[in-house]
Amino acid sequence: MGPELTRPSEPAIITIFGANGDLAKRKLLPALFNLYHEKLLPENFLIVGNGRRSDLETWKRDMREGVETFSRRGKPDEAEWQEFSSNLQFAFGGLDDRGLYEGLRGLITQTEASWGRGANRIHYLSIPPSMVELAIHGLNDAGLNDDKKRDRVVIEKPFGTDLTSAEDLNTKVTAAFDECQVYRIDHYLGKETVQNLLAFRFGNALFEPIWNRSYIDHVQITVSEEVGVEGRGAFYESAGALRDMIQNHLLQVMCMIAMEPPVSFEADEVRNKKVDVLKAVRPIPPGELYKYAVRGQYGAGHSRGEKEPGYRQEEGVDPASSTETYAALQLYIDNWRWQNVPFYLRTGKRMPCKVSQVSIEFKPVPHQIFPGTTGEHFEPNRLIINIAPKEGIVLRFQSKQPGKGMRLQTVNMDFYYSEAFHVEPPEAYETLLYDVMLGDSTLFMRADQEHIAWSIIQPILSAWTNTPSADFPNYAAGTWGPEAGEALIARDGRSWHSLPVEGV
Ligand code: BG6
């Protein structure tokens, strides 16, 4: 977030439904506190937590612990925290309780009156998809959707649990709120490096001419996590890697890589171009799913030298669970730019390290002039976009090793955020919350994007649900996933790039 950003001029009242949950503690409150620290919350703001597990004092304590543990800035300054937290309120109640919404309405009216001006009311639904409908009803009945400009609803991913439920949910959401009031979150879109893809591709003339099937051999998108399900076993049982990561985060990153240049940076223009990518994804031929989609589940193993249990032994998980903790897909985008260029996507929990990375491999040189051993370390050019942990962009190319004779070696030309700008990039949720306050929906999912993303994965989801895997667990915690994941890419004579990449 650069110094040019200014406070939103309009006051904001942010209500977090599901405020006793993990997301509020790990992400939302640390993000709001950082925005406060950077003077990027409005002069007048109120943050209301809703849940059924605490009162104001316990919630504040819990949120402070969240900020101390998870904020990129670490422990807050005491006086600053006291100032910030004097703007926190708690609204106790279940989502099916009409009184909750009436109470909120009263609180909003009273707060706006005390400020002497209206506020943007941001209703943040940090709740499971099955509860969203209830909250939408409540907000609707209490008239907390009436003001098309000021009432905004933020909906956390996953939006629905499959194609049908997402469509159904969308009908209900858009019956109560206009599309311009709805902010569907995919936090990957708020990540600085993901946004930087647009700057990199469309702010430079250099790469665009070679950004196509004539020069690019294939694209790999990897989001690996070292952690397991982190106490969220019960939630994860109904999610799985395909729903939790691929339907949203990985497909969105793929859109940023593959989209055509937008005419302008207008929210709808950018989103139209991304939708075009999803529309062009080649349907997986029925009966050939096994060739294009692989699932895995971790068994017991080791991570950082510690013994770790298998997924089926995690709290809240069915001991015979068929939920996948790893998924890999091979997709094609049927258009002029990308015809027959494979996009390999993979994600998994309990892998050797946390990396979110796009690796674009260019075609090899058409004719190798260097004989025999000179090119023994030869690898095709690669552009690596590191989304996490060390945000940056690296170009790998061949160089002559110093000394007599001609020996080639792959070297890196790199750009890292922290080194180039001497700042840590903001957390995705800071960017996204700030944008909601400004009413800028560029980085949020539109209904049609959600719909198409679900329709891409639905055939896989249905097949996996209908036929539980016979070989789970099929990879040990602390490894790169099942053998079938390697076979998926090896069939084409390629392999997953080893991670982390040397020097990156
Ligand atoms: C969330 C998933 O959307 O993304 C989690 O629900 C996952 O399971 C997380 O751990 C990963 O996000 P990040 O920003 O840490 O890569």
# chains A, B, ... in the order shown; residues from 1 in each chain; ligands from 1
>>> residues_near_ligand(ligand="ligand 1", cutoff="10 Å", atoms="only C-alpha atoms and all ligand atoms", output="ChimeraX atom specification")
/A:23,27,156-158,185-188,190-191,223-230,232,235-236,239-241,243-246,248-249,325,347-349,354-356,387-389,427-429
>>> select_by_dssp(residues="stretch 319-444 of chain A", states="alpha helix (DSSP H)", output="JSON, numbers by chain")
{"A": [417, 418, 419, 420, 421, 428, 429, 430, 431, 432, 433, 434, 435, 436, 437, 438]}
>>> residues_around(residues="stretch 314-322 of chain A", least_positions_apart="2", cutoff="12 Å", atoms="only C-alpha atoms", output="ChimeraX atom specification")
/A:228-241,295-300,308-312,324-326,464-474
>>> write_last_selection(atoms="N, CA, C and O atoms", output="compact mmCIF listing (two decimals), in the first residue's frame")
# COMPACT_ATOMS: atom_id res chain seq x y z
N GLY A 228 -1.26 -28.52 8.27
CA GLY A 228 -2.36 -29.43 7.99
C GLY A 228 -3.66 -28.65 8.04
O GLY A 228 -3.71 -27.51 7.56
N VAL A 229 -4.68 -29.22 8.67
CA VAL A 229 -5.96 -28.49 8.69
C VAL A 229 -6.10 -27.57 9.91
O VAL A 229 -7.13 -26.92 10.08
N GLU A 230 -5.08 -27.50 10.73
CA GLU A 230 -4.99 -26.53 11.82
C GLU A 230 -6.25 -26.43 12.68
O GLU A 230 -6.79 -25.36 12.87
N GLY A 231 -6.73 -27.56 13.14
CA GLY A 231 -7.89 -27.54 14.03
C GLY A 231 -9.20 -27.25 13.30
O GLY A 231 -10.24 -27.12 13.93
N ARG A 232 -9.14 -27.14 11.95
CA ARG A 232 -10.38 -26.85 11.22
C ARG A 232 -10.90 -28.11 10.53
O ARG A 232 -11.55 -28.04 9.48
N GLY A 233 -10.60 -29.27 11.13
CA GLY A 233 -10.95 -30.54 10.51
C GLY A 233 -12.42 -30.63 10.14
O GLY A 233 -12.78 -31.05 9.03
N ALA A 234 -13.30 -30.20 11.06
CA ALA A 234 -14.73 -30.33 10.82
C ALA A 234 -15.13 -29.52 9.60
O ALA A 234 -15.90 -29.98 8.75
N PHE A 235 -14.58 -28.31 9.48
CA PHE A 235 -14.88 -27.49 8.30
C PHE A 235 -14.30 -28.14 7.05
O PHE A 235 -14.97 -28.27 6.02
N TYR A 236 -13.07 -28.59 7.16
CA TYR A 236 -12.36 -29.07 5.98
C TYR A 236 -13.00 -30.34 5.40
O TYR A 236 -12.97 -30.57 4.20
N GLU A 237 -13.62 -31.13 6.29
CA GLU A 237 -14.29 -32.34 5.83
C GLU A 237 -15.31 -32.05 4.74
O GLU A 237 -15.52 -32.84 3.83
N SER A 238 -15.98 -30.90 4.85
CA SER A 238 -17.00 -30.59 3.83
C SER A 238 -16.41 -29.71 2.72
O SER A 238 -17.12 -29.26 1.84
N ALA A 239 -15.10 -29.45 2.80
CA ALA A 239 -14.49 -28.61 1.76
C ALA A 239 -13.61 -29.47 0.86
O ALA A 239 -14.06 -29.95 -0.18
N GLY A 240 -12.39 -29.71 1.28
CA GLY A 240 -11.45 -30.45 0.42
C GLY A 240 -10.70 -29.45 -0.46
O GLY A 240 -11.16 -28.32 -0.68
N ALA A 241 -9.56 -29.89 -0.98
CA ALA A 241 -8.65 -28.98 -1.69
C ALA A 241 -9.27 -28.36 -2.95
O ALA A 241 -9.01 -27.22 -3.29
N ARG A 295 -6.30 -36.58 -7.08
CA ARG A 295 -6.54 -36.19 -5.69
C ARG A 295 -5.63 -36.96 -4.74
O ARG A 295 -5.16 -38.05 -5.08
N GLY A 296 -5.42 -36.37 -3.59
CA GLY A 296 -4.57 -37.04 -2.61
C GLY A 296 -5.01 -36.70 -1.19
O GLY A 296 -5.77 -35.74 -0.98
N GLN A 297 -4.57 -37.52 -0.27
CA GLN A 297 -4.84 -37.23 1.15
C GLN A 297 -3.59 -37.62 1.93
O GLN A 297 -3.02 -38.70 1.68
N TYR A 298 -3.19 -36.76 2.87
CA TYR A 298 -1.95 -37.09 3.58
C TYR A 298 -2.16 -38.12 4.69
O TYR A 298 -3.18 -38.11 5.37
N GLY A 299 -1.17 -38.98 4.80
CA GLY A 299 -1.14 -39.90 5.92
C GLY A 299 -0.09 -39.39 6.90
O GLY A 299 0.47 -38.30 6.71
N ALA A 300 0.20 -40.17 7.93
CA ALA A 300 1.18 -39.74 8.93
C ALA A 300 2.54 -39.52 8.24
O ALA A 300 2.84 -40.13 7.22
N GLU A 308 4.03 -36.03 12.38
CA GLU A 308 2.70 -35.44 12.22
C GLU A 308 1.68 -36.54 11.93
O GLU A 308 1.98 -37.48 11.21
N PRO A 309 0.47 -36.37 12.48
CA PRO A 309 -0.56 -37.39 12.22
C PRO A 309 -1.10 -37.29 10.80
O PRO A 309 -0.93 -36.27 10.14
N GLY A 310 -1.74 -38.35 10.35
CA GLY A 310 -2.41 -38.31 9.05
C GLY A 310 -3.68 -37.48 9.14
O GLY A 310 -4.16 -37.17 10.25
N TYR A 311 -4.24 -37.13 7.99
CA TYR A 311 -5.46 -36.33 7.97
C TYR A 311 -6.59 -37.03 8.73
O TYR A 311 -7.32 -36.41 9.50
N ARG A 312 -6.70 -38.34 8.52
CA ARG A 312 -7.81 -39.07 9.16
C ARG A 312 -7.70 -39.10 10.68
O ARG A 312 -8.66 -39.44 11.37
N GLU A 324 -10.21 -34.85 -0.01
CA GLU A 324 -8.85 -34.69 -0.55
C GLU A 324 -8.16 -33.49 0.08
O GLU A 324 -8.77 -32.44 0.26
N THR A 325 -6.88 -33.69 0.43
CA THR A 325 -6.09 -32.58 0.97
C THR A 325 -5.07 -32.13 -0.07
O THR A 325 -4.25 -31.26 0.18
N TYR A 326 -5.12 -32.77 -1.23
CA TYR A 326 -4.24 -32.44 -2.36
C TYR A 326 -5.07 -32.56 -3.62
O TYR A 326 -5.89 -33.47 -3.76
N TRP A 464 -15.60 -37.27 -7.85
CA TRP A 464 -14.89 -37.62 -6.61
C TRP A 464 -15.87 -37.93 -5.47
O TRP A 464 -15.60 -38.78 -4.63
N THR A 465 -16.98 -37.20 -5.45
CA THR A 465 -17.96 -37.45 -4.38
C THR A 465 -18.61 -38.81 -4.61
O THR A 465 -18.83 -39.57 -3.66
N ASN A 466 -18.90 -39.12 -5.86
CA ASN A 466 -19.60 -40.38 -6.13
C ASN A 466 -18.71 -41.60 -5.97
O ASN A 466 -19.19 -42.69 -5.69
N THR A 467 -17.42 -41.43 -6.17
CA THR A 467 -16.52 -42.59 -6.05
C THR A 467 -15.42 -42.28 -5.04
O THR A 467 -14.40 -41.68 -5.39
N PRO A 468 -15.64 -42.67 -3.79
CA PRO A 468 -14.59 -42.40 -2.80
C PRO A 468 -13.27 -43.05 -3.21
O PRO A 468 -13.27 -44.10 -3.83
N SER A 469 -12.18 -42.36 -2.90
CA SER A 469 -10.88 -42.87 -3.33
C SER A 469 -10.54 -44.19 -2.63
O SER A 469 -10.76 -44.33 -1.43
N ALA A 470 -9.97 -45.12 -3.39
CA ALA A 470 -9.63 -46.42 -2.81
C ALA A 470 -8.25 -46.39 -2.17
O ALA A 470 -7.91 -47.25 -1.37
N ASP A 471 -7.41 -45.38 -2.51
CA ASP A 471 -6.02 -45.48 -2.03
C ASP A 471 -5.64 -44.41 -1.00
O ASP A 471 -4.47 -44.18 -0.76
N PHE A 472 -6.65 -43.75 -0.40
CA PHE A 472 -6.31 -42.75 0.63
C PHE A 472 -5.89 -43.43 1.91
O PHE A 472 -6.48 -44.45 2.25
N PRO A 473 -4.94 -42.92 2.68
CA PRO A 473 -4.05 -41.82 2.36
C PRO A 473 -3.01 -42.26 1.33
O PRO A 473 -2.54 -43.40 1.38
N ASN A 474 -2.66 -41.35 0.43
CA ASN A 474 -1.72 -41.76 -0.63
C ASN A 474 -0.47 -40.90 -0.70
O ASN A 474 0.28 -40.98 -1.65
>>> residues_around(residues="stretch 278-286 of chain A", least_positions_apart="3", cutoff="10 Å", atoms="only C-alpha atoms", output="PyMOL selection string")
chain A and resi 251-252+254-255+258-259+273-275+289-293+330-335+338-340+448-453+455-457+459-460+463
>>> residues_around(residues="A:Pro30", least_positions_apart="3", cutoff="8 Å", atoms="only C-alpha atoms", output="list in words")
Lys25, Arg26, Lys27, Phe33, Asn34, Gly66, Val67, Phe70 and Ser71 of chain A
>>> write_last_selection(atoms="C-alpha atoms", output="short mmCIF file (atom, residue, chain, number, x, y, z; two decimals), in the first residue's frame")
data_model
loop_
_atom_site.label_atom_id
_atom_site.label_comp_id
_atom_site.auth_asym_id
_atom_site.auth_seq_id
_atom_site.Cartn_x
_atom_site.Cartn_y
_atom_site.Cartn_z
CA LYS A 25 -8.93 -13.36 14.80
CA ARG A 26 -6.22 -14.28 12.31
CA LYS A 27 -6.98 -11.96 9.43
CA PHE A 33 -5.79 -2.66 13.10
CA ASN A 34 -3.04 -2.23 10.51
CA GLY A 66 -5.11 -12.30 17.31
CA VAL A 67 -3.38 -9.04 16.45
CA PHE A 70 -0.92 -12.86 13.49
CA SER A 71 -0.38 -9.24 12.51
#
>>> select_by_dssp(residues="stretch 26-204 of chain A", states="strand (DSSP E or B)", output="count of residues only")
26
>>> residues_around(residues="A:Glu269", least_positions_apart="4", cutoff="12 Å", atoms="only C-alpha atoms", output="count of residues only")
15
>>> closest_residue(among="A:Trp454, A:Trp496, A:Phe207, A:Phe444", to="A:Phe343", atoms="only C-alpha atoms")
A:Trp496
>>> atom_distance(atom1="atom CA of A:Tyr215", atom2="atom CA of A:Pro364")
8.8 Å
>>> residues_around(residues="A:Gly160", least_positions_apart="5", cutoff="6 Å", atoms="only C-alpha atoms", output="list in words")
Pro129, Ser165 and Ala166 of chain A
>>> write_last_selection(atoms="C-alpha atoms", output="mmCIF file, in the first residue's frame")
data_model
loop_
_atom_site.group_PDB
_atom_site.id
_atom_site.type_symbol
_atom_site.label_atom_id
_atom_site.label_comp_id
_atom_site.auth_asym_id
_atom_site.auth_seq_id
_atom_site.Cartn_x
_atom_site.Cartn_y
_atom_site.Cartn_z
ATOM 1 C CA PRO A 129 -21.815 -20.976 3.125
ATOM 2 C CA SER A 165 -25.870 -24.353 -4.249
ATOM 3 C CA ALA A 166 -23.818 -21.410 -5.539
#
